[in-house]
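A quick write-up on the structure given underneath.
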Amino acid sequence: MSLDFEKEIADVEKRIAELSALDKSRSPKRKAELTSLKRKVKSMTKKVYSELSPWDTVQIARHADRPLLRDFIDGMCSEFLELHGDRHQGDDKAMIGGFATLGGQRCMLIGMVKGRSVEEKVESNFGMPNPEGYRKALRLMKLAERYGLPIVCMVDTPAAYPGREAEERGQAEAIARNLTEMAALEVPIIVVVTGEGGSGGALGIAVGDAILMLRYAVYSVIPPEGCAAILWRDAAKAADAADALKITADSLLEFGVIDEIVDEPAGGAHRDPETTIAATQEAIVRNIKKLKRRGAKRLVDQRYNKFVKIGRFKHARS
Amino acid sequence: MGWFTTSSTKGDKNAAKGLFVVCPGCKSHIFEEERKNNLKVCPKCNHHDRLTYKERLDLIIDPGTFREFNSHISTTDPLEFVDGKGSYADKAAQAKAKTGMNEAIVTGSGNINGIRVVIGVMDFRFLGGSLASGTGEKILLAAEHALRMKRAFILFSASGGARMHEGIISLMQMAKTCAGISKLNKANIPYISVMTDPTFGGVSASYATVGDINLAEPGAMIGFAGRRVIEQTIKQKLPKDFQTSEYLLDHGFVDAIVNRSEMKDYLHNVLMYCSRKKA
């Protein structure tokens, strides 16, 4: 699948594929053409990806081939022991977690599952957790705290599920409870926004000591389509809303909302998942090692200070 | 002309001129004078109309005891946000002119039947009571004051949710305010949340639903996602009383629904159980 702004790249890539298939003889002329086309793709990709609009970035963050949580777990973890259920309501398939070892570090890894095939998507509710998902996450985080394990939260969700049962079981309370409890957990929390950081649904597992974000992930108070529908009264103005909302990693770093951008290769994680996953693992492990040295009290104090200093207001003269 | 108007939920200016108002709850015509004397509650159907911060404070806090905190904290425009209808800066300026407020919440300390508390009151008239930088800062500072002074914190919510015009910074106010509440929890300082009409989105999903005690006014609309969004998602009609205070009480998320006329005494009675010193 190629995105609109990648169409030219895709055309050249197609030509390369055709040539490669044809080229049994490997004539010097063909070889030269192939090399030049490959170079062209590289420079085009670099150019296109250096001029992405926020709305383009949204498309990349939602790309069908973008690595998902299960890919990250497979690529990063030498072990993952999944732990199920919130002990009250059920087992949310949109939010999973468990004991994980990555780069030799034992931790509690939690994150949203979006699913790739249609069946997986339906089973995981398209990555939109219900209250029991947030409660499962909190149960596992509390367990991690008791055992002194660092917590890694991988965020990729369009939103917390806006459904009838979700409301009846307290979607708002479940998220609010996590925000309140995560502020006081006495173990390191590393958050990585890998794809879509969809509003309160994302924040529900995203209070931490180190907030990382992949280069082409987005993180927003409201989906651009929703914002456009309300403030422009036209969902088709989503690109304008994406611009106005400032939802890219660069903007968030500037606002002090995130601490670090994990780089993706030019062309995005969907072109080179392995490199992206390796870079993500490196960043997580490095942050775990750094934060493990912080004592519990300092950890909680610094996390508190980190969040309470976010805000831009002025002191008006009366 | 001008004899009948809808009540303040629909339009403040007209209501002030009319002799009668139409109750948004039961659609019956009621004397404006009678409604006002009845704390903006419909004498026929008990519909609780929205209050301004000032009306709320007058109702809850002993006369002459309120001291406001941080009234100077005001909005900036960190994203330089412009939408289809204009800039955030202009909208905020209009809201300030209309309400005389600098942000969507007023915080301070005051007495409830003689008990000193820290209180926050949101006002829906200011950009839909939305949560943004200034709002979050005032709530946090009020919570920190309550912590220092070891006084109960009472917060009246009225909000459509996080303010889109400050983008991700608004979203982070949810984490910021909850961090403040978390400190109160740890220090065993009482935190009482009172949800009034409406309490949604980023406010219901942060400080409004994690009170030690969660109270609500009758008939208030309270929820995470809006009714329309849910109906579009699940492609079903929702029950008529969906997301009302009464519905939340039934589902276990509200401790009690308290009539406006009884709220002050109710809070006082609850506070009598929350003081460790007297135990």
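Residues are named by chain letter and number: chains run A, B, ... in the order of the structure tokens, numbers start at 1 in each chain, and ligands are numbered from 1 in the order shown.
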Neighbour list for B:Ser71 as a PyMOL selection string, cut-off 12 Å, only C-alpha atoms, skip fewer than 6 positions in-chain
(chain A and resi 314-318) or (chain B and resi 100-108+120+134-135+137-139+141-142)
Return as a tab-separated table the residues of chain A lying at most 7 Å from chain B, together with the closest atom-to-atom pair for each and the distance in Å to one decimal, counting only C-alpha atoms, with rows in chain order and ascending residue number.
residue	atom	partner	partner_atom	distance
A:Pro162	CA	B:Ile230	CA	5.4
A:Gly163	CA	B:Ile230	CA	5.4
A:Arg164	CA	B:Ile230	CA	6.8
A:Glu167	CA	B:Phe224	CA	6.7
A:Glu168	CA	B:His251	CA	6.2
A:Gln171	CA	B:Phe224	CA	6.5
A:Ala172	CA	B:Ala205	CA	4.0
A:Glu173	CA	B:Thr209	CA	5.3
A:Ile175	CA	B:Ala205	CA	5.6
A:Ala176	CA	B:Ser206	CA	4.2
A:Arg177	CA	B:Val210	CA	6.4
A:Leu179	CA	B:Ala175	CA	5.6
A:Thr180	CA	B:Cys178	CA	4.7
A:Glu181	CA	B:Ser182	CA	6.7
A:Ala183	CA	B:Ala179	CA	5.3
A:Ala184	CA	B:Ser182	CA	6.8
A:Ser199	CA	B:Leu171	CA	6.8
A:Gly200	CA	B:Gly202	CA	6.7
A:Val207	CA	B:Ala175	CA	6.9
A:Ser220	CA	B:Ile168	CA	5.4
A:Val221	CA	B:Ile168	CA	5.1
A:Leu231	CA	B:Asp83	CA	6.2
A:Trp232	CA	B:Gly84	CA	4.7
A:Ala244	CA	B:Phe81	CA	5.6
A:Leu245	CA	B:Gly167	CA	5.2
A:Lys246	CA	B:Gly167	CA	6.9
A:Tyr304	CA	B:Ala179	CA	6.4
A:Phe307	CA	B:Lys176	CA	5.3
A:Val308	CA	B:Lys176	CA	5.0
A:Ile310	CA	B:Ile169	CA	6.9
A:Gly311	CA	B:Ser133	CA	4.5
A:Arg312	CA	B:Ser133	CA	5.6
A:Phe313	CA	B:Thr75	CA	5.0
A:Lys314	CA	B:Ser74	CA	5.2
A:His315	CA	B:Ile73	CA	4.8
A:Ala316	CA	B:His72	CA	4.9
A:Arg317	CA	B:His72	CA	6.6
A:Ser318	CA	B:His72	CA	6.8
List every residue of stretch 103-253 of chain B that DSSP, applied to the backbone, labels as strand (DSSP E or B), and write the result as a ChimeraX atom specification.
/B:105-112,115-122,131,153-159,162,191-199,213-216,221-222,244
Nearest candidate to A:Arg271 (options A:Val152, A:Ile73, A:Leu185, A:Ala64; using only C-alpha atoms):
A:Ala64
DSSP on the backbone, helix (DSSP H, G or I) only: what residues of stretch 11-124 of chain A does that give? Format it as a PyMOL selection string.
chain A and resi 11-22+28-50+54-61+69-76+118-123
Might you pull out every residue within 6 Å of stretch 93-103 of chain A, with only C-alpha atoms counted and same-chain residues fewer than 3 positions away left off, and present them as a VMD selection string?
chain A and resid 76 to 83 106 to 113 124 127 to 129 133
Pull N, CA and C atoms from the residues just selected and write them as a PDB file, in the first residue's frame.
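Resulting contents of out.pdb:
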ATOM      1  N   MET A  76      11.931  -7.282  19.879  1.00  0.00           N
ATOM      2  CA  MET A  76      12.702  -6.682  20.982  1.00  0.00           C
ATOM      3  C   MET A  76      12.932  -7.615  22.153  1.00  0.00           C
ATOM      4  N   CYS A  77      12.001  -8.547  22.362  1.00  0.00           N
ATOM      5  CA  CYS A  77      11.993  -9.282  23.635  1.00  0.00           C
ATOM      6  C   CYS A  77      12.507 -10.705  23.454  1.00  0.00           C
ATOM      7  N   SER A  78      13.441 -11.109  24.313  1.00  0.00           N
ATOM      8  CA  SER A  78      13.877 -12.501  24.287  1.00  0.00           C
ATOM      9  C   SER A  78      12.849 -13.372  24.996  1.00  0.00           C
ATOM     10  N   GLU A  79      12.027 -12.742  25.807  1.00  0.00           N
ATOM     11  CA  GLU A  79      10.950 -13.488  26.475  1.00  0.00           C
ATOM     12  C   GLU A  79       9.772 -12.554  26.700  1.00  0.00           C
ATOM     13  N   PHE A  80       8.556 -13.078  26.536  1.00  0.00           N
ATOM     14  CA  PHE A  80       7.353 -12.313  26.887  1.00  0.00           C
ATOM     15  C   PHE A  80       6.337 -13.278  27.472  1.00  0.00           C
ATOM     16  N   LEU A  81       6.045 -13.111  28.734  1.00  0.00           N
ATOM     17  CA  LEU A  81       5.067 -13.969  29.406  1.00  0.00           C
ATOM     18  C   LEU A  81       3.799 -13.142  29.598  1.00  0.00           C
ATOM     19  N   GLU A  82       2.841 -13.355  28.714  1.00  0.00           N
ATOM     20  CA  GLU A  82       1.643 -12.525  28.761  1.00  0.00           C
ATOM     21  C   GLU A  82       0.797 -12.869  29.986  1.00  0.00           C
ATOM     22  N   LEU A  83       0.301 -11.828  30.638  1.00  0.00           N
ATOM     23  CA  LEU A  83      -0.554 -11.997  31.817  1.00  0.00           C
ATOM     24  C   LEU A  83      -1.918 -11.397  31.491  1.00  0.00           C
ATOM     25  N   ARG A 106      14.799  -7.129  32.629  1.00  0.00           N
ATOM     26  CA  ARG A 106      13.461  -7.640  32.943  1.00  0.00           C
ATOM     27  C   ARG A 106      12.545  -6.463  33.242  1.00  0.00           C
ATOM     28  N   CYS A 107      11.333  -6.507  32.698  1.00  0.00           N
ATOM     29  CA  CYS A 107      10.396  -5.404  32.937  1.00  0.00           C
ATOM     30  C   CYS A 107       8.966  -5.900  32.786  1.00  0.00           C
ATOM     31  N   MET A 108       8.019  -4.981  33.030  1.00  0.00           N
ATOM     32  CA  MET A 108       6.611  -5.255  32.735  1.00  0.00           C
ATOM     33  C   MET A 108       6.287  -4.464  31.485  1.00  0.00           C
ATOM     34  N   LEU A 109       5.911  -5.171  30.425  1.00  0.00           N
ATOM     35  CA  LEU A 109       5.615  -4.485  29.174  1.00  0.00           C
ATOM     36  C   LEU A 109       4.108  -4.489  28.914  1.00  0.00           C
ATOM     37  N   ILE A 110       3.578  -3.295  28.618  1.00  0.00           N
ATOM     38  CA  ILE A 110       2.138  -3.137  28.430  1.00  0.00           C
ATOM     39  C   ILE A 110       1.913  -2.337  27.150  1.00  0.00           C
ATOM     40  N   GLY A 111       0.878  -2.655  26.410  1.00  0.00           N
ATOM     41  CA  GLY A 111       0.614  -1.849  25.224  1.00  0.00           C
ATOM     42  C   GLY A 111      -0.681  -2.215  24.529  1.00  0.00           C
ATOM     43  N   MET A 112      -1.035  -1.406  23.549  1.00  0.00           N
ATOM     44  CA  MET A 112      -2.263  -1.634  22.784  1.00  0.00           C
ATOM     45  C   MET A 112      -1.985  -2.496  21.559  1.00  0.00           C
ATOM     46  N   VAL A 113      -2.943  -3.367  21.265  1.00  0.00           N
ATOM     47  CA  VAL A 113      -2.868  -4.250  20.098  1.00  0.00           C
ATOM     48  C   VAL A 113      -3.877  -3.758  19.073  1.00  0.00           C
ATOM     49  N   SER A 124      -9.181  -7.409  18.451  1.00  0.00           N
ATOM     50  CA  SER A 124      -8.546  -6.414  19.321  1.00  0.00           C
ATOM     51  C   SER A 124      -9.276  -5.074  19.274  1.00  0.00           C
ATOM     52  N   GLY A 127      -7.686  -1.749  18.323  1.00  0.00           N
ATOM     53  CA  GLY A 127      -6.762  -1.067  19.236  1.00  0.00           C
ATOM     54  C   GLY A 127      -7.430  -0.083  20.170  1.00  0.00           C
ATOM     55  N   MET A 128      -8.741  -0.197  20.339  1.00  0.00           N
ATOM     56  CA  MET A 128      -9.449   0.726  21.240  1.00  0.00           C
ATOM     57  C   MET A 128      -9.828   0.008  22.531  1.00  0.00           C
ATOM     58  N   PRO A 129      -9.081   0.237  23.599  1.00  0.00           N
ATOM     59  CA  PRO A 129      -9.339  -0.500  24.839  1.00  0.00           C
ATOM     60  C   PRO A 129     -10.657  -0.108  25.502  1.00  0.00           C
ATOM     61  N   GLY A 133      -9.357  -2.933  29.990  1.00  0.00           N
ATOM     62  CA  GLY A 133      -7.997  -2.867  29.464  1.00  0.00           C
ATOM     63  C   GLY A 133      -7.136  -1.955  30.316  1.00  0.00           C
TER      64      GLY A 133
END
I'd like the interatomic distance between atom CA of B:Ala143 and atom CA of B:Asn188, to a tenth of an Å.
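Computing the Euclidean distance for atom CA of B:Ala143 and atom CA of B:Asn188 yields 12.5 Å.
Closest approach to A:Asp71 among A:His270, A:Lys142, A:Lys121, A:Lys40: A:His270, based on only C-alpha atoms.
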If we count only C-alpha atoms and set the cut-off at 6 Å, which residues sit around stretch 39-54 of chain B, ignoring sequence neighbours fewer than 2 positions away in its own chain? Please answer as a count of residues only.
8
Using only C-alpha atoms, determine which residues lie at most 10 Å from B:Ile61, disregarding the query and same-chain residues fewer than 4 positions distant; provide the list as an mmCIF file with N, CA, C and O atoms, in the first residue's frame.
data_model
loop_
_atom_site.group_PDB
_atom_site.id
_atom_site.type_symbol
_atom_site.label_atom_id
_atom_site.label_comp_id
_atom_site.auth_asym_id
_atom_site.auth_seq_id
_atom_site.Cartn_x
_atom_site.Cartn_y
_atom_site.Cartn_z
ATOM 1 N N ARG B 56 -22.574 29.654 42.225
ATOM 2 C CA ARG B 56 -22.187 28.431 42.930
ATOM 3 C C ARG B 56 -21.477 28.760 44.248
ATOM 4 O O ARG B 56 -21.796 28.188 45.292
ATOM 5 N N LEU B 57 -20.550 29.690 44.189
ATOM 6 C CA LEU B 57 -19.816 30.046 45.409
ATOM 7 C C LEU B 57 -20.760 30.627 46.452
ATOM 8 O O LEU B 57 -20.672 30.306 47.636
ATOM 9 N N THR B 65 -16.344 34.777 53.413
ATOM 10 C CA THR B 65 -15.185 33.954 53.801
ATOM 11 C C THR B 65 -14.342 33.513 52.618
ATOM 12 O O THR B 65 -13.304 32.883 52.787
ATOM 13 N N PHE B 66 -14.778 33.816 51.383
ATOM 14 C CA PHE B 66 -14.053 33.319 50.213
ATOM 15 C C PHE B 66 -12.836 34.184 49.911
ATOM 16 O O PHE B 66 -12.916 35.405 49.872
ATOM 17 N N SER B 109 -10.082 29.582 48.850
ATOM 18 C CA SER B 109 -10.468 28.904 50.082
ATOM 19 C C SER B 109 -11.659 29.640 50.681
ATOM 20 O O SER B 109 -11.879 30.825 50.400
ATOM 21 N N GLY B 110 -12.426 28.930 51.474
ATOM 22 C CA GLY B 110 -13.617 29.514 52.071
ATOM 23 C C GLY B 110 -14.212 28.541 53.075
ATOM 24 O O GLY B 110 -13.740 27.407 53.200
ATOM 25 N N ASN B 111 -15.235 29.003 53.769
ATOM 26 C CA ASN B 111 -15.840 28.162 54.808
ATOM 27 C C ASN B 111 -17.149 27.541 54.341
ATOM 28 O O ASN B 111 -17.937 28.179 53.650
ATOM 29 N N ILE B 112 -17.347 26.291 54.739
ATOM 30 C CA ILE B 112 -18.641 25.627 54.564
ATOM 31 C C ILE B 112 -19.192 25.386 55.956
ATOM 32 O O ILE B 112 -18.664 24.546 56.692
ATOM 33 N N ASN B 113 -20.190 26.145 56.330
ATOM 34 C CA ASN B 113 -20.729 26.110 57.704
ATOM 35 C C ASN B 113 -19.590 26.100 58.730
ATOM 36 O O ASN B 113 -19.565 25.295 59.650
ATOM 37 N N GLY B 114 -18.631 26.972 58.496
ATOM 38 C CA GLY B 114 -17.547 27.134 59.459
ATOM 39 C C GLY B 114 -16.320 26.281 59.239
ATOM 40 O O GLY B 114 -15.297 26.501 59.862
ATOM 41 N N ILE B 115 -16.395 25.278 58.361
ATOM 42 C CA ILE B 115 -15.209 24.444 58.086
ATOM 43 C C ILE B 115 -14.447 25.031 56.898
ATOM 44 O O ILE B 115 -15.008 25.203 55.820
ATOM 45 N N ARG B 116 -13.176 25.327 57.123
ATOM 46 C CA ARG B 116 -12.357 25.906 56.052
ATOM 47 C C ARG B 116 -12.006 24.826 55.031
ATOM 48 O O ARG B 116 -11.505 23.755 55.403
ATOM 49 N N VAL B 117 -12.252 25.078 53.774
ATOM 50 C CA VAL B 117 -11.904 24.133 52.704
ATOM 51 C C VAL B 117 -11.240 24.881 51.558
ATOM 52 O O VAL B 117 -11.298 26.105 51.484
ATOM 53 N N ILE B 119 -11.557 25.181 47.507
ATOM 54 C CA ILE B 119 -12.631 24.882 46.554
ATOM 55 C C ILE B 119 -12.263 25.353 45.154
ATOM 56 O O ILE B 119 -11.557 26.354 44.984
ATOM 57 N N LYS B 264 -24.815 22.250 50.235
ATOM 58 C CA LYS B 264 -23.903 22.819 51.227
ATOM 59 C C LYS B 264 -23.917 22.005 52.526
ATOM 60 O O LYS B 264 -22.867 21.630 53.048
#
Mind checking which residues fall within 12 Å of A:Asp156, counting only C-alpha atoms, ignoring those fewer than 3 positions away in the same chain, and posting them as an NGL selection string?
:A and (61-63 or 66-70 or 72 or 94-96 or 110-115 or 126-129 or 153 or 159-160 or 191-199 or 201-206 or 213-214 or 217-220)
Have a look at atom CA of B:Pro198 and atom CA of A:Asp240 and let me know their distance in Å, one decimal.
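Atom CA of A:Asp240 lies at a distance of 28.6 Å from atom CA of B:Pro198.
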When you look at A:Arg215 with a cut-off of 9 Å (counting only C-alpha atoms), what residues show up, excluding the ones that are within fewer than 6 positions of it in the same chain? I need them as an NGL selection string.
:A and (194 or 248-250 or 261-265 or 268)
